[in-house]
Amino acid sequence: MNAMRDARYIAAWALALWFGIVAFFMVLNRALDLEVYFVLGLIGLLVLVVLIDPPYVQPQAMRRVKALVAVGVAVFGYIVVLKIMEILAS
């Protein structure tokens, strides 16, 4: 049980580090865009979920993370539709 808690802390720190790295390079590049930040953060979350998903058991925390991923993918789809509409309008 203690190893699972440690794995969750490591995963949370890895995701926070990823968001920090993305923000650092966006500031360094002077290209602050919330949509790009969200998409890159979602990519990091998806990679993390694939890496820590246990093959045979489904812990409650993992089900919650997968629900969060589903919401993130829906928001990503909304961003894509907005960008397509923006391109078609021009």
# chains A, B, ... in the order shown; residues from 1 in each chain; ligands from 1
call {"tool": "residues_around", "arguments": {"residues": "Val39 of chain A", "least_positions_apart": "6", "cutoff": "12 Å", "atoms": "only C-alpha atoms", "output": "mmCIF file with N, CA and C atoms, in the first residue's frame"}}
result
data_model
loop_
_atom_site.group_PDB
_atom_site.id
_atom_site.type_symbol
_atom_site.label_atom_id
_atom_site.label_comp_id
_atom_site.auth_asym_id
_atom_site.auth_seq_id
_atom_site.Cartn_x
_atom_site.Cartn_y
_atom_site.Cartn_z
ATOM 1 N N PHE A 19 4.751 20.384 -16.451
ATOM 2 C CA PHE A 19 4.081 21.665 -16.616
ATOM 3 C C PHE A 19 5.057 22.824 -16.417
ATOM 4 N N VAL A 22 7.294 23.070 -19.562
ATOM 5 C CA VAL A 22 6.535 23.667 -20.671
ATOM 6 C C VAL A 22 6.397 25.174 -20.462
ATOM 7 N N ASP A 33 0.701 31.040 -24.736
ATOM 8 C CA ASP A 33 -0.590 30.709 -25.322
ATOM 9 C C ASP A 33 -1.217 29.620 -24.453
ATOM 10 N N LEU A 45 0.134 14.434 -19.440
ATOM 11 C CA LEU A 45 -0.764 13.619 -18.615
ATOM 12 C C LEU A 45 -1.051 12.275 -19.280
ATOM 13 N N LEU A 46 -1.256 12.284 -20.590
ATOM 14 C CA LEU A 46 -1.512 11.031 -21.305
ATOM 15 C C LEU A 46 -0.310 10.088 -21.228
ATOM 16 N N VAL A 69 -8.660 12.638 -17.922
ATOM 17 C CA VAL A 69 -8.121 12.555 -19.280
ATOM 18 C C VAL A 69 -9.252 12.668 -20.298
ATOM 19 N N GLY A 72 -10.205 16.196 -20.576
ATOM 20 C CA GLY A 72 -9.147 16.901 -21.291
ATOM 21 C C GLY A 72 -9.200 16.659 -22.790
ATOM 22 N N VAL A 73 -9.485 15.433 -23.190
ATOM 23 C CA VAL A 73 -9.594 15.125 -24.617
ATOM 24 C C VAL A 73 -10.804 15.836 -25.222
ATOM 25 N N ALA A 74 -11.898 15.936 -24.463
ATOM 26 C CA ALA A 74 -13.074 16.660 -24.947
ATOM 27 C C ALA A 74 -12.752 18.145 -25.132
ATOM 28 N N VAL A 75 -12.037 18.737 -24.193
ATOM 29 C CA VAL A 75 -11.637 20.143 -24.322
ATOM 30 C C VAL A 75 -10.686 20.310 -25.508
ATOM 31 N N PHE A 76 -9.794 19.354 -25.694
ATOM 32 C CA PHE A 76 -8.885 19.390 -26.838
ATOM 33 C C PHE A 76 -9.682 19.358 -28.147
ATOM 34 N N GLY A 77 -10.688 18.514 -28.218
ATOM 35 C CA GLY A 77 -11.541 18.472 -29.398
ATOM 36 C C GLY A 77 -12.225 19.804 -29.646
ATOM 37 N N TYR A 78 -12.675 20.451 -28.572
ATOM 38 C CA TYR A 78 -13.305 21.762 -28.684
ATOM 39 C C TYR A 78 -12.315 22.792 -29.228
ATOM 40 N N ILE A 79 -11.071 22.747 -28.756
ATOM 41 C CA ILE A 79 -10.039 23.670 -29.239
ATOM 42 C C ILE A 79 -9.771 23.428 -30.726
ATOM 43 N N VAL A 80 -9.728 22.173 -31.137
ATOM 44 C CA VAL A 80 -9.491 21.845 -32.543
ATOM 45 C C VAL A 80 -10.626 22.376 -33.411
#
call {"tool": "select_by_dssp", "arguments": {"residues": "chain A", "states": "helix (DSSP H, G or I)", "output": "ChimeraX atom specification"}}
result
/A:2-28,34-52,60-89
call {"tool": "residues_around", "arguments": {"residues": "Gly44 of chain A", "least_positions_apart": "6", "cutoff": "10 Å", "atoms": "only C-alpha atoms", "output": "list of chain:residue names"}}
result
A:Ala14, A:Leu15, A:Ala16, A:Leu17, A:Trp18, A:Phe19, A:Val22, A:Phe38
call {"tool": "residues_around", "arguments": {"residues": "Met26 of chain A", "least_positions_apart": "6", "cutoff": "10 Å", "atoms": "only C-alpha atoms", "output": "MDAnalysis selection string"}}
result
chainID A and resid 20 32:33 36:37
call {"tool": "write_last_selection", "arguments": {"atoms": "N, CA and C atoms", "output": "tab-separated table (two decimals), in the first residue's frame"}}
result
chain	number	residue	atom	x	y	z
A	20	GLY	N	5.97	22.68	-15.47
A	20	GLY	CA	6.97	23.72	-15.25
A	20	GLY	C	7.92	23.87	-16.42
A	32	LEU	N	3.44	32.94	-24.98
A	32	LEU	CA	2.49	32.47	-23.98
A	32	LEU	C	1.12	32.28	-24.63
A	33	ASP	N	0.70	31.04	-24.74
A	33	ASP	CA	-0.59	30.71	-25.32
A	33	ASP	C	-1.22	29.62	-24.45
A	36	VAL	N	-1.96	26.19	-26.25
A	36	VAL	CA	-0.76	25.36	-26.46
A	36	VAL	C	-0.31	24.76	-25.13
A	37	TYR	N	-0.35	25.56	-24.08
A	37	TYR	CA	0.02	25.06	-22.75
A	37	TYR	C	-0.89	23.91	-22.33
call {"tool": "atom_distance", "arguments": {"atom1": "atom CA of Lys66 of chain A", "atom2": "atom CA of Glu35 of chain A"}}
result
20.7 Å
call {"tool": "atom_distance", "arguments": {"atom1": "atom CA of Leu40 of chain A", "atom2": "atom CA of Ala23 of chain A"}}
result
9.8 Å
call {"tool": "residues_around", "arguments": {"residues": "Arg63 of chain A", "least_positions_apart": "6", "cutoff": "12 Å", "atoms": "only C-alpha atoms", "output": "JSON, numbers by chain"}}
result
{"A": [49, 53, 54, 57, 69, 70]}
call {"tool": "write_last_selection", "arguments": {"atoms": "C-alpha atoms", "output": "PDB file, in the first residue's frame"}}
result
ATOM      1  CA  VAL A  49      -1.246   7.620 -17.495  1.00  0.00           C
ATOM      2  CA  ASP A  53      -1.558   2.291 -15.573  1.00  0.00           C
ATOM      3  CA  PRO A  54      -1.449  -1.158 -13.947  1.00  0.00           C
ATOM      4  CA  VAL A  57      -5.990  -3.922 -11.362  1.00  0.00           C
ATOM      5  CA  VAL A  69      -8.121  12.555 -19.280  1.00  0.00           C
ATOM      6  CA  ALA A  70     -11.523  12.095 -20.949  1.00  0.00           C
TER       7      ALA A  70
END
call {"tool": "decode", "arguments": {"residues": "segment 42-87 of chain A", "atoms": "N, CA and C atoms", "output": "PDB file, in the first residue's frame"}}
result
ATOM      1  N   LEU A  42      -1.725  18.217 -21.532  1.00  0.00           N
ATOM      2  CA  LEU A  42      -2.529  17.015 -21.755  1.00  0.00           C
ATOM      3  C   LEU A  42      -1.678  15.878 -22.311  1.00  0.00           C
ATOM      4  N   ILE A  43      -0.755  16.210 -23.189  1.00  0.00           N
ATOM      5  CA  ILE A  43       0.155  15.185 -23.721  1.00  0.00           C
ATOM      6  C   ILE A  43       0.986  14.583 -22.586  1.00  0.00           C
ATOM      7  N   GLY A  44       1.487  15.431 -21.699  1.00  0.00           N
ATOM      8  CA  GLY A  44       2.242  14.922 -20.547  1.00  0.00           C
ATOM      9  C   GLY A  44       1.390  14.041 -19.656  1.00  0.00           C
ATOM     10  N   LEU A  45       0.134  14.434 -19.440  1.00  0.00           N
ATOM     11  CA  LEU A  45      -0.764  13.619 -18.615  1.00  0.00           C
ATOM     12  C   LEU A  45      -1.051  12.275 -19.280  1.00  0.00           C
ATOM     13  N   LEU A  46      -1.256  12.284 -20.590  1.00  0.00           N
ATOM     14  CA  LEU A  46      -1.512  11.031 -21.305  1.00  0.00           C
ATOM     15  C   LEU A  46      -0.310  10.088 -21.228  1.00  0.00           C
ATOM     16  N   VAL A  47       0.876  10.624 -21.391  1.00  0.00           N
ATOM     17  CA  VAL A  47       2.084   9.795 -21.282  1.00  0.00           C
ATOM     18  C   VAL A  47       2.202   9.219 -19.874  1.00  0.00           C
ATOM     19  N   LEU A  48       1.936  10.040 -18.890  1.00  0.00           N
ATOM     20  CA  LEU A  48       2.013   9.581 -17.501  1.00  0.00           C
ATOM     21  C   LEU A  48       0.999   8.479 -17.215  1.00  0.00           C
ATOM     22  N   VAL A  49      -0.210   8.635 -17.719  1.00  0.00           N
ATOM     23  CA  VAL A  49      -1.246   7.620 -17.495  1.00  0.00           C
ATOM     24  C   VAL A  49      -0.853   6.302 -18.147  1.00  0.00           C
ATOM     25  N   VAL A  50      -0.303   6.360 -19.346  1.00  0.00           N
ATOM     26  CA  VAL A  50       0.125   5.136 -20.018  1.00  0.00           C
ATOM     27  C   VAL A  50       1.248   4.455 -19.237  1.00  0.00           C
ATOM     28  N   LEU A  51       2.143   5.250 -18.662  1.00  0.00           N
ATOM     29  CA  LEU A  51       3.272   4.669 -17.939  1.00  0.00           C
ATOM     30  C   LEU A  51       2.887   4.068 -16.591  1.00  0.00           C
ATOM     31  N   ILE A  52       1.908   4.643 -15.894  1.00  0.00           N
ATOM     32  CA  ILE A  52       1.608   4.158 -14.542  1.00  0.00           C
ATOM     33  C   ILE A  52       0.352   3.306 -14.469  1.00  0.00           C
ATOM     34  N   ASP A  53      -0.333   3.085 -15.589  1.00  0.00           N
ATOM     35  CA  ASP A  53      -1.558   2.291 -15.573  1.00  0.00           C
ATOM     36  C   ASP A  53      -1.227   0.819 -15.316  1.00  0.00           C
ATOM     37  N   PRO A  54      -1.724   0.261 -14.210  1.00  0.00           N
ATOM     38  CA  PRO A  54      -1.449  -1.158 -13.947  1.00  0.00           C
ATOM     39  C   PRO A  54      -2.260  -2.038 -14.898  1.00  0.00           C
ATOM     40  N   PRO A  55      -1.679  -3.156 -15.343  1.00  0.00           N
ATOM     41  CA  PRO A  55      -2.358  -3.958 -16.367  1.00  0.00           C
ATOM     42  C   PRO A  55      -3.552  -4.766 -15.861  1.00  0.00           C
ATOM     43  N   TYR A  56      -3.575  -5.169 -14.609  1.00  0.00           N
ATOM     44  CA  TYR A  56      -4.612  -6.085 -14.156  1.00  0.00           C
ATOM     45  C   TYR A  56      -5.575  -5.498 -13.132  1.00  0.00           C
ATOM     46  N   VAL A  57      -5.163  -4.490 -12.419  1.00  0.00           N
ATOM     47  CA  VAL A  57      -5.990  -3.922 -11.362  1.00  0.00           C
ATOM     48  C   VAL A  57      -6.331  -2.480 -11.760  1.00  0.00           C
ATOM     49  N   GLN A  58      -7.471  -1.996 -11.317  1.00  0.00           N
ATOM     50  CA  GLN A  58      -7.877  -0.631 -11.626  1.00  0.00           C
ATOM     51  C   GLN A  58      -8.149   0.119 -10.330  1.00  0.00           C
ATOM     52  N   PRO A  59      -7.141   0.766  -9.744  1.00  0.00           N
ATOM     53  CA  PRO A  59      -7.362   1.505  -8.507  1.00  0.00           C
ATOM     54  C   PRO A  59      -8.322   2.676  -8.718  1.00  0.00           C
ATOM     55  N   GLN A  60      -8.956   3.101  -7.642  1.00  0.00           N
ATOM     56  CA  GLN A  60      -9.914   4.201  -7.697  1.00  0.00           C
ATOM     57  C   GLN A  60      -9.254   5.475  -8.226  1.00  0.00           C
ATOM     58  N   ALA A  61      -8.046   5.730  -7.793  1.00  0.00           N
ATOM     59  CA  ALA A  61      -7.344   6.942  -8.238  1.00  0.00           C
ATOM     60  C   ALA A  61      -7.110   6.918  -9.747  1.00  0.00           C
ATOM     61  N   MET A  62      -6.811   5.752 -10.297  1.00  0.00           N
ATOM     62  CA  MET A  62      -6.571   5.658 -11.740  1.00  0.00           C
ATOM     63  C   MET A  62      -7.858   5.894 -12.525  1.00  0.00           C
ATOM     64  N   ARG A  63      -8.984   5.439 -11.984  1.00  0.00           N
ATOM     65  CA  ARG A  63     -10.264   5.702 -12.652  1.00  0.00           C
ATOM     66  C   ARG A  63     -10.556   7.197 -12.683  1.00  0.00           C
ATOM     67  N   ARG A  64     -10.223   7.884 -11.609  1.00  0.00           N
ATOM     68  CA  ARG A  64     -10.419   9.342 -11.571  1.00  0.00           C
ATOM     69  C   ARG A  64      -9.504  10.053 -12.564  1.00  0.00           C
ATOM     70  N   VAL A  65      -8.279   9.601 -12.664  1.00  0.00           N
ATOM     71  CA  VAL A  65      -7.340  10.203 -13.610  1.00  0.00           C
ATOM     72  C   VAL A  65      -7.820   9.967 -15.038  1.00  0.00           C
ATOM     73  N   LYS A  66      -8.350   8.792 -15.319  1.00  0.00           N
ATOM     74  CA  LYS A  66      -8.855   8.509 -16.662  1.00  0.00           C
ATOM     75  C   LYS A  66     -10.080   9.362 -16.979  1.00  0.00           C
ATOM     76  N   ALA A  67     -10.899   9.654 -15.987  1.00  0.00           N
ATOM     77  CA  ALA A  67     -12.026  10.560 -16.199  1.00  0.00           C
ATOM     78  C   ALA A  67     -11.511  11.965 -16.507  1.00  0.00           C
ATOM     79  N   LEU A  68     -10.459  12.392 -15.807  1.00  0.00           N
ATOM     80  CA  LEU A  68      -9.835  13.685 -16.076  1.00  0.00           C
ATOM     81  C   LEU A  68      -9.256  13.729 -17.489  1.00  0.00           C
ATOM     82  N   VAL A  69      -8.660  12.638 -17.922  1.00  0.00           N
ATOM     83  CA  VAL A  69      -8.121  12.555 -19.280  1.00  0.00           C
ATOM     84  C   VAL A  69      -9.252  12.668 -20.298  1.00  0.00           C
ATOM     85  N   ALA A  70     -10.385  12.014 -20.025  1.00  0.00           N
ATOM     86  CA  ALA A  70     -11.523  12.095 -20.949  1.00  0.00           C
ATOM     87  C   ALA A  70     -12.032  13.529 -21.077  1.00  0.00           C
ATOM     88  N   VAL A  71     -12.099  14.247 -19.973  1.00  0.00           N
ATOM     89  CA  VAL A  71     -12.507  15.657 -20.016  1.00  0.00           C
ATOM     90  C   VAL A  71     -11.473  16.473 -20.793  1.00  0.00           C
ATOM     91  N   GLY A  72     -10.205  16.196 -20.576  1.00  0.00           N
ATOM     92  CA  GLY A  72      -9.147  16.901 -21.291  1.00  0.00           C
ATOM     93  C   GLY A  72      -9.200  16.659 -22.790  1.00  0.00           C
ATOM     94  N   VAL A  73      -9.485  15.433 -23.190  1.00  0.00           N
ATOM     95  CA  VAL A  73      -9.594  15.125 -24.617  1.00  0.00           C
ATOM     96  C   VAL A  73     -10.804  15.836 -25.222  1.00  0.00           C
ATOM     97  N   ALA A  74     -11.898  15.936 -24.463  1.00  0.00           N
ATOM     98  CA  ALA A  74     -13.074  16.660 -24.947  1.00  0.00           C
ATOM     99  C   ALA A  74     -12.752  18.145 -25.132  1.00  0.00           C
ATOM    100  N   VAL A  75     -12.037  18.737 -24.193  1.00  0.00           N
ATOM    101  CA  VAL A  75     -11.637  20.143 -24.322  1.00  0.00           C
ATOM    102  C   VAL A  75     -10.686  20.310 -25.508  1.00  0.00           C
ATOM    103  N   PHE A  76      -9.794  19.354 -25.694  1.00  0.00           N
ATOM    104  CA  PHE A  76      -8.885  19.390 -26.838  1.00  0.00           C
ATOM    105  C   PHE A  76      -9.682  19.358 -28.147  1.00  0.00           C
ATOM    106  N   GLY A  77     -10.688  18.514 -28.218  1.00  0.00           N
ATOM    107  CA  GLY A  77     -11.541  18.472 -29.398  1.00  0.00           C
ATOM    108  C   GLY A  77     -12.225  19.804 -29.646  1.00  0.00           C
ATOM    109  N   TYR A  78     -12.675  20.451 -28.572  1.00  0.00           N
ATOM    110  CA  TYR A  78     -13.305  21.762 -28.684  1.00  0.00           C
ATOM    111  C   TYR A  78     -12.315  22.792 -29.228  1.00  0.00           C
ATOM    112  N   ILE A  79     -11.071  22.747 -28.756  1.00  0.00           N
ATOM    113  CA  ILE A  79     -10.039  23.670 -29.239  1.00  0.00           C
ATOM    114  C   ILE A  79      -9.771  23.428 -30.726  1.00  0.00           C
ATOM    115  N   VAL A  80      -9.728  22.173 -31.137  1.00  0.00           N
ATOM    116  CA  VAL A  80      -9.491  21.845 -32.543  1.00  0.00           C
ATOM    117  C   VAL A  80     -10.626  22.376 -33.411  1.00  0.00           C
ATOM    118  N   VAL A  81     -11.870  22.191 -32.963  1.00  0.00           N
ATOM    119  CA  VAL A  81     -13.018  22.684 -33.726  1.00  0.00           C
ATOM    120  C   VAL A  81     -12.964  24.208 -33.842  1.00  0.00           C
ATOM    121  N   LEU A  82     -12.615  24.895 -32.752  1.00  0.00           N
ATOM    122  CA  LEU A  82     -12.491  26.350 -32.815  1.00  0.00           C
ATOM    123  C   LEU A  82     -11.419  26.789 -33.804  1.00  0.00           C
ATOM    124  N   LYS A  83     -10.284  26.102 -33.813  1.00  0.00           N
ATOM    125  CA  LYS A  83      -9.205  26.450 -34.740  1.00  0.00           C
ATOM    126  C   LYS A  83      -9.623  26.199 -36.181  1.00  0.00           C
ATOM    127  N   ILE A  84     -10.346  25.111 -36.434  1.00  0.00           N
ATOM    128  CA  ILE A  84     -10.821  24.827 -37.785  1.00  0.00           C
ATOM    129  C   ILE A  84     -11.813  25.889 -38.231  1.00  0.00           C
ATOM    130  N   MET A  85     -12.704  26.278 -37.350  1.00  0.00           N
ATOM    131  CA  MET A  85     -13.673  27.333 -37.690  1.00  0.00           C
ATOM    132  C   MET A  85     -12.957  28.657 -37.959  1.00  0.00           C
ATOM    133  N   GLU A  86     -11.907  28.917 -37.205  1.00  0.00           N
ATOM    134  CA  GLU A  86     -11.120  30.149 -37.397  1.00  0.00           C
ATOM    135  C   GLU A  86     -10.438  30.146 -38.762  1.00  0.00           C
ATOM    136  N   ILE A  87      -9.926  28.994 -39.170  1.00  0.00           N
ATOM    137  CA  ILE A  87      -9.264  28.875 -40.478  1.00  0.00           C
ATOM    138  C   ILE A  87     -10.286  29.017 -41.589  1.00  0.00           C
TER     139      ILE A  87
END
